[in-house]
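Below: one structure, written as structure tokens.
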Amino acid sequence: MSPSPTPQPTLDLPQLMERLAADTVRPRYAFMLLNLVARIAGESGRAGPFVQEEGALVPLRDWLCDALAPMAQRDHRRIAIVAAVRAELAEAGELPGSPEDAERTIEQRVRDRVRASGRSNVSRTVSELVRAGLMKRHYQGYRVDHVNRGAQRQAVYTLPPHVRAALSGPSAGIGAQASRPPQLALRF
């Protein structure tokens with residue numbers, strides 16, 4: 001007698017949110033990251049190692065960092081980074097004379113610093129999602145696909161079918177209201 005196949009777990013959006021709250025340190029960030037990966041993943045649920053953006057190939061983690069960066073625009077830490085970069089450039093005598101050029105230079109340096117810390121944030125969150133069984137990760141690159149990073153390998157993230165279904169299912173969209181009765185509705 002052949003063993004019966006393991007049933008795929010089912011997960012809806014509220015259950016996914018519960019899992020994120022229980023299994024991740026920053027559930028909102030983890031949800032945004034999952035959602036971004038789901039949006040760029042192909043039918044296989046696989047995203048990476050590169051994302052095409054404006055005709056250029058950008059590593060997946062860098063793309064995720066850049067996509068999540070606007071969430072920190074008003075963050076007090078970002079404001080402090082801008083002030084620190086401005087002071088460092090002024091002290092080193094590298095601050096351009098033109099205000100427009102100075103702002104561009106400062107913004108590029110801030111973007112580089114934010115991306116560096118953002119890569120760590122993405123990796124940490126992905127590790128939590130992998131441990132929770134909500135994402136798979138491997139590295140692809142120069143010589144051979146490999147589970148370990150390094151040797152010019154880039155991260156590839158794969159969403160299991162039950163996570164993709166939760167993110168794209170009827171409870172995830174606006175059409176969910178039509179498929180179930182409104183709360184507190186009395187049926188006579």
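Here's how to read the names in the structure tokens: chain A, B, ... by the order shown, residue numbers from 1 in each chain, ligand numbers from 1 in the order shown.
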
DSSP strand (DSSP E or B) selection over segment 46-180 of chain A, as a PyMOL selection string | chain A and resi 46-47+50-53+56-59+136-141+146+153-158

Using N, CA and C atoms, can you export the residues from the last selection as a CSV table (one decimal), in the first residue's frame?
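Here's the written file selection_25.csv:
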```csv
chain,number,residue,atom,x,y,z
A,46,ARG,N,8.5,31.7,-7.2
A,46,ARG,CA,9.9,31.9,-7.1
A,46,ARG,C,10.3,33.3,-7.5
A,47,ALA,N,11.0,34.0,-6.7
A,47,ALA,CA,11.4,35.4,-7.0
A,47,ALA,C,13.0,35.4,-6.9
A,50,PHE,N,17.4,38.0,-9.6
A,50,PHE,CA,17.4,39.4,-10.0
A,50,PHE,C,16.0,39.8,-10.4
A,51,VAL,N,15.8,41.1,-10.2
A,51,VAL,CA,14.5,41.7,-10.6
A,51,VAL,C,14.8,42.8,-11.7
A,52,GLN,N,14.1,42.8,-12.8
A,52,GLN,CA,14.3,43.8,-13.8
A,52,GLN,C,13.6,45.1,-13.4
A,53,GLU,N,14.4,46.1,-13.4
A,53,GLU,CA,13.9,47.4,-13.0
A,53,GLU,C,14.5,48.5,-13.9
A,56,ALA,N,17.4,47.4,-16.1
A,56,ALA,CA,18.6,46.9,-15.4
A,56,ALA,C,18.2,45.7,-14.5
A,57,LEU,N,19.1,44.8,-14.3
A,57,LEU,CA,18.9,43.7,-13.4
A,57,LEU,C,19.4,44.1,-12.0
A,58,VAL,N,18.6,44.0,-11.0
A,58,VAL,CA,18.9,44.4,-9.6
A,58,VAL,C,18.8,43.2,-8.8
A,59,PRO,N,19.7,42.9,-7.9
A,59,PRO,CA,19.6,41.7,-7.0
A,59,PRO,C,18.3,41.8,-6.2
A,136,LYS,N,10.8,29.7,1.4
A,136,LYS,CA,12.0,28.9,1.2
A,136,LYS,C,13.1,29.8,0.6
A,137,ARG,N,14.3,29.5,0.9
A,137,ARG,CA,15.4,30.4,0.4
A,137,ARG,C,16.5,29.5,-0.1
A,138,HIS,N,17.1,29.8,-1.2
A,138,HIS,CA,18.3,29.2,-1.7
A,138,HIS,C,19.1,30.3,-2.4
A,139,TYR,N,20.4,29.9,-2.7
A,139,TYR,CA,21.2,30.9,-3.4
A,139,TYR,C,21.6,30.3,-4.8
A,140,GLN,N,21.6,31.2,-5.7
A,140,GLN,CA,21.9,30.9,-7.1
A,140,GLN,C,23.0,31.8,-7.6
A,141,GLY,N,24.0,31.2,-8.4
A,141,GLY,CA,25.0,32.1,-8.9
A,141,GLY,C,26.1,31.5,-9.6
A,146,HIS,N,23.3,26.6,-4.7
A,146,HIS,CA,23.8,26.1,-3.5
A,146,HIS,C,23.0,26.7,-2.3
A,153,ARG,N,26.9,34.4,-5.3
A,153,ARG,CA,25.6,33.9,-5.4
A,153,ARG,C,24.6,34.9,-4.9
A,154,GLN,N,23.4,34.9,-5.4
A,154,GLN,CA,22.3,35.8,-5.0
A,154,GLN,C,21.1,35.0,-4.4
A,155,ALA,N,20.4,35.6,-3.5
A,155,ALA,CA,19.3,35.0,-2.9
A,155,ALA,C,18.1,34.8,-3.9
A,156,VAL,N,17.4,33.6,-3.7
A,156,VAL,CA,16.2,33.3,-4.4
A,156,VAL,C,15.2,32.9,-3.4
A,157,TYR,N,14.0,33.5,-3.4
A,157,TYR,CA,13.0,33.2,-2.4
A,157,TYR,C,11.8,32.6,-3.1
A,158,THR,N,11.3,31.5,-2.5
A,158,THR,CA,10.2,30.8,-3.0
A,158,THR,C,9.1,30.7,-2.0
```

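Residues in contact with segment 159-163 of chain A at 7 Å, where only C-alpha atoms are counted and same-chain residues fewer than 3 positions away are skipped, are listed as Pro9, Thr10, Leu11, Gly45, Arg46, Leu134, Met135, Lys136, Ala166 and Leu167 of chain A.
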
Would you mind exporting C-alpha atoms of the selected residues as a compact mmCIF listing (two decimals), in the first residue's frame?
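Produced file selection14.txt, reproduced below:
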```
# COMPACT_ATOMS: atom_id res chain seq x y z
CA PRO A 9 -1.74 23.04 4.68
CA THR A 10 -4.43 25.62 4.11
CA LEU A 11 -3.98 29.18 5.15
CA GLY A 45 6.19 31.32 -6.52
CA ARG A 46 9.90 31.88 -7.08
CA LEU A 134 6.26 30.58 5.12
CA MET A 135 9.13 30.92 2.65
CA LYS A 136 12.01 28.91 1.22
CA ALA A 166 -3.38 33.25 1.29
CA LEU A 167 -1.85 36.34 -0.30
```

Considering only C-alpha atoms, return as a PyMOL selection string whatever protein or nucleic-acid residues lie within 8 Å of segment 62-73 of chain A, sequence-local ones (same chain, fewer than 2 positions apart) excluded.
-> chain A and resi 32-33+36+51+58-60+75+78+114-115+118-119+122

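Near Ala102 of chain A, within 12 Å and counting only C-alpha atoms, sit Val82, Val85, Arg86, Ala87, Leu89, Ala90, Gly93, Glu94, Leu95, Pro96, Gly97, Glu107, Gln108 and Arg109 of chain A; same-chain residues fewer than 5 positions away were not included.
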
Go ahead and save the residues from that selection, with C-alpha atoms, as a short mmCIF file (atom, residue, chain, number, x, y, z; two decimals), in the first residue's frame.
```cif
data_model
loop_
_atom_site.label_atom_id
_atom_site.label_comp_id
_atom_site.auth_asym_id
_atom_site.auth_seq_id
_atom_site.Cartn_x
_atom_site.Cartn_y
_atom_site.Cartn_z
CA VAL A 82 20.78 62.56 6.77
CA VAL A 85 25.98 62.31 6.29
CA ARG A 86 25.69 66.08 5.79
CA ALA A 87 28.08 66.70 8.71
CA LEU A 89 30.63 65.49 3.96
CA ALA A 90 31.02 69.05 5.27
CA GLY A 93 35.17 69.14 2.48
CA GLU A 94 33.28 66.91 0.01
CA LEU A 95 29.94 68.73 0.13
CA PRO A 96 29.26 70.25 -3.31
CA GLY A 97 28.76 74.02 -3.44
CA GLU A 107 20.58 61.46 -0.84
CA GLN A 108 22.86 58.96 -2.65
CA ARG A 109 25.00 58.40 0.45
#
```

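Shortest atom-to-atom contact with Leu129 of chain A among A:Thr24, A:Ser44, A:Asn35, A:Ser117: A:Thr24, counting only C-alpha atoms.
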
What separation in Å, quoted to one decimal, exists between atom CA of Gly42 of chain A and atom CA of Arg124 of chain A?
-> 23.3 Å

Could you pull out the helix (DSSP H, G or I) residues of segment 38-181 of chain A from DSSP and send them as JSON, numbers by chain?
-> {"A": [38, 39, 40, 60, 61, 62, 63, 64, 65, 66, 67, 68, 69, 70, 71, 72, 76, 77, 78, 79, 80, 81, 82, 83, 84, 85, 86, 87, 88, 89, 90, 91, 92, 99, 100, 101, 102, 103, 104, 105, 106, 107, 108, 109, 110, 111, 112, 113, 114, 115, 116, 117, 118, 119, 120, 121, 122, 123, 124, 125, 126, 127, 128, 129, 130, 131, 161, 162, 163, 164, 165, 166, 167, 168, 170, 171, 172, 176, 177, 178, 179]}

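In this structure, atom CA of Arg164 of chain A sits 14.8 Å away from atom CA of Ala132 of chain A.
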
Could you state the separation of atom CA of Leu34 of chain A and atom CA of Leu20 of chain A in Å, given to one decimal place?
-> 10.1 Å
